[in-house]
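Below is one structure; the comments refer to it alone.
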Amino acid sequence: MALQFEAFCAGGLAPGWSLLVQGHSDSGDDKFEINFLSEAGDIAFHLKPRFSSATVVGNTFQGGRWGQEEVSSVFPLVLGEPFEMEVSSDAEHFHVHAQEHKVLQFAHRHRPLAAITRVQVLSDHRLAQVELARRDLSWWDGGH
């Protein structure tokens with residue numbers, strides 16, 4: 001898989017950070033993943049939509065091993081169609097939305113959040129836009 005995007009979060013991931021990925025799923029291969037990485041090289045949050053099984057999988061890779069997968073069967077992505085995914089963080093969870101549907105809520109397993117300093121998007125799909133932004137925290141109070 002090709003590294004399409006990598007960003008360094010100065011000061012680490014704090015509640016309010018949001019990653020928006022827009023692209024086109026032009027291949028049936030499950031070659032798309034988002035990784036939030038710690039300074040120590042652990043994957044604090046690994047997100048992988050699997051077109052082959054119409055699921056979205058979340059996990060962590062810490063201390064040299066994968067944790068327990070969390071699988072969501074809410075899968076609004078359609079092969080061959082443009083897609084939009086957003087991953088945001090509050091103090092307790094990562095929240096994953098795809099096509100404006102909530103697909104996964106993943107409890108933080110890696111503490112402190114400030115140790116999560118890098119975000120990577122690996123993909124063989126065509127990505128139109130990737131944006132890492134800090135949102136106004138009050139934006140999250142709108143029933144999201």
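Following the order of the structure tokens, first chain is A, next is B, and so on, with residues numbered from 1 inside each chain and ligands from 1 in the order they appear.
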
Just list as an NGL selection string whatever in range 3-113 of chain A DSSP marks as strand (DSSP E or B). :A and (3-8 or 17-24 or 32-38 or 43-50 or 55-62 or 65-66 or 70-72 or 82-89 or 93-98 or 101-107)

If we count only C-alpha atoms and set the cut-off at 8 Å, which residues sit around range 73-88 of chain A, ignoring sequence neighbours fewer than 2 positions away in its own chain? Please answer as a count of residues only. 30

Which one of A:Arg134, A:His46, A:His108, A:Arg126 sits closest to Ala10 in chain A if you count only C-alpha atoms? A:Arg134

Among chain A, which residues carry a DSSP assignment of helix (DSSP H, G or I), reported as an NGL selection string? :A and (113-115 or 137-141)

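Take the candidates A:Leu104, A:Leu113, A:Leu127, A:Ala14 and check each one against Lys48 in chain A using only C-alpha atoms; the shortest distance goes to A:Leu104.
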
So which residues touch Pro112 in chain A within 12 Å, counting only C-alpha atoms, skipping near sequence neighbours fewer than 4 positions away, as a PyMOL selection string? chain A and resi 11-15+38-39+44+91-92+108+116-117

Report as a PyMOL selection string all protein, DNA and RNA residues lying within 10 Å of Glu6 in chain A, evaluated on only C-alpha atoms, omitting residues in the same chain fewer than 4 positions from it. chain A and resi 34-36+118-122+130+132

Would you write out those residues with all heavy atoms, as a short mmCIF file (atom, residue, chain, number, x, y, z; two decimals), in the first residue's frame?
```
data_model
loop_
_atom_site.label_atom_id
_atom_site.label_comp_id
_atom_site.auth_asym_id
_atom_site.auth_seq_id
_atom_site.Cartn_x
_atom_site.Cartn_y
_atom_site.Cartn_z
N ILE A 34 -6.21 3.74 7.98
CA ILE A 34 -5.80 4.95 8.69
C ILE A 34 -5.16 4.50 9.99
O ILE A 34 -5.71 3.64 10.69
CB ILE A 34 -7.01 5.85 8.98
CG1 ILE A 34 -7.65 6.33 7.66
CG2 ILE A 34 -6.60 7.06 9.83
CD1 ILE A 34 -8.98 7.03 7.84
N ASN A 35 -3.99 5.05 10.30
CA ASN A 35 -3.29 4.70 11.53
C ASN A 35 -2.94 5.95 12.31
O ASN A 35 -2.37 6.89 11.76
CB ASN A 35 -2.00 3.92 11.23
CG ASN A 35 -2.28 2.57 10.62
OD1 ASN A 35 -3.04 1.79 11.17
ND2 ASN A 35 -1.67 2.28 9.48
N PHE A 36 -3.28 5.95 13.61
CA PHE A 36 -2.84 6.98 14.53
C PHE A 36 -1.70 6.38 15.33
O PHE A 36 -1.89 5.36 16.02
CB PHE A 36 -3.99 7.41 15.45
CG PHE A 36 -5.06 8.20 14.74
CD1 PHE A 36 -6.03 7.56 14.00
CD2 PHE A 36 -5.07 9.58 14.81
CE1 PHE A 36 -7.02 8.28 13.35
CE2 PHE A 36 -6.05 10.32 14.16
CZ PHE A 36 -7.03 9.67 13.42
N ARG A 118 1.33 11.09 15.37
CA ARG A 118 1.36 11.01 13.90
C ARG A 118 0.11 10.34 13.37
O ARG A 118 -0.43 9.44 14.00
CB ARG A 118 2.58 10.20 13.43
CG ARG A 118 3.80 11.04 13.23
CD ARG A 118 4.91 10.27 12.54
NE ARG A 118 5.14 8.97 13.17
CZ ARG A 118 5.50 7.87 12.51
NH1 ARG A 118 5.67 7.90 11.21
NH2 ARG A 118 5.70 6.74 13.15
N VAL A 119 -0.29 10.75 12.19
CA VAL A 119 -1.42 10.15 11.50
C VAL A 119 -0.95 9.76 10.11
O VAL A 119 -0.28 10.54 9.43
CB VAL A 119 -2.60 11.14 11.38
CG1 VAL A 119 -3.77 10.48 10.66
CG2 VAL A 119 -3.03 11.65 12.73
N GLN A 120 -1.29 8.53 9.71
CA GLN A 120 -0.96 8.05 8.37
C GLN A 120 -2.21 7.56 7.67
O GLN A 120 -3.06 6.93 8.31
CB GLN A 120 -0.02 6.85 8.43
CG GLN A 120 1.39 7.14 8.81
CD GLN A 120 2.23 5.86 8.80
OE1 GLN A 120 1.72 4.76 8.96
NE2 GLN A 120 3.52 6.03 8.62
N VAL A 121 -2.29 7.84 6.38
CA VAL A 121 -3.32 7.24 5.55
C VAL A 121 -2.61 6.43 4.48
O VAL A 121 -1.82 6.97 3.70
CB VAL A 121 -4.24 8.30 4.89
CG1 VAL A 121 -5.29 7.62 4.02
CG2 VAL A 121 -4.90 9.16 5.96
N LEU A 122 -2.83 5.12 4.47
CA LEU A 122 -2.25 4.22 3.49
C LEU A 122 -3.35 3.78 2.54
O LEU A 122 -4.41 3.33 2.99
CB LEU A 122 -1.66 2.99 4.17
CG LEU A 122 -0.56 3.27 5.19
CD1 LEU A 122 -0.35 2.07 6.09
CD2 LEU A 122 0.73 3.61 4.49
N VAL A 130 -7.20 14.95 1.95
CA VAL A 130 -7.01 14.50 3.33
C VAL A 130 -6.72 15.74 4.14
O VAL A 130 -5.86 16.54 3.78
CB VAL A 130 -5.84 13.50 3.45
CG1 VAL A 130 -5.70 13.04 4.90
CG2 VAL A 130 -6.03 12.31 2.53
N LEU A 132 -6.30 17.24 8.18
CA LEU A 132 -6.24 17.06 9.63
C LEU A 132 -6.45 18.43 10.24
O LEU A 132 -5.72 19.36 9.94
CB LEU A 132 -4.86 16.50 10.04
CG LEU A 132 -4.68 16.19 11.52
CD1 LEU A 132 -5.58 15.04 11.96
CD2 LEU A 132 -3.22 15.85 11.80
#
```

So the first atom is CA of Gln68 in chain A and the second is CA of Glu131 in chain A; what is the distance between them in Å, to one decimal place? 28.2 Å

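Distance-wise, CA of Gln105 in chain A and CA of Trp66 in chain A end up 18.1 Å apart.
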
Near Glu70 in chain A, within 7 Å and counting only C-alpha atoms, which residues show up once chain neighbours fewer than 4 positions away are dropped, as a list in words? Val57, Gly58 and Asn59 of chain A

Generate the output file for the selected residues, N, CA and C atoms, as a PDB file, in the first residue's frame.
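Ended up saving to again_28.pdb:
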```pdb
ATOM      1  N   VAL A  57     -13.184  -2.165  10.572  1.00  0.00           N
ATOM      2  CA  VAL A  57     -12.467  -2.768  11.690  1.00  0.00           C
ATOM      3  C   VAL A  57     -11.590  -1.724  12.373  1.00  0.00           C
ATOM      4  N   GLY A  58     -11.645  -1.717  13.700  1.00  0.00           N
ATOM      5  CA  GLY A  58     -10.762  -0.879  14.494  1.00  0.00           C
ATOM      6  C   GLY A  58      -9.929  -1.755  15.409  1.00  0.00           C
ATOM      7  N   ASN A  59      -8.684  -1.326  15.658  1.00  0.00           N
ATOM      8  CA  ASN A  59      -7.819  -2.107  16.538  1.00  0.00           C
ATOM      9  C   ASN A  59      -6.656  -1.241  17.015  1.00  0.00           C
TER      10      ASN A  59
END
```
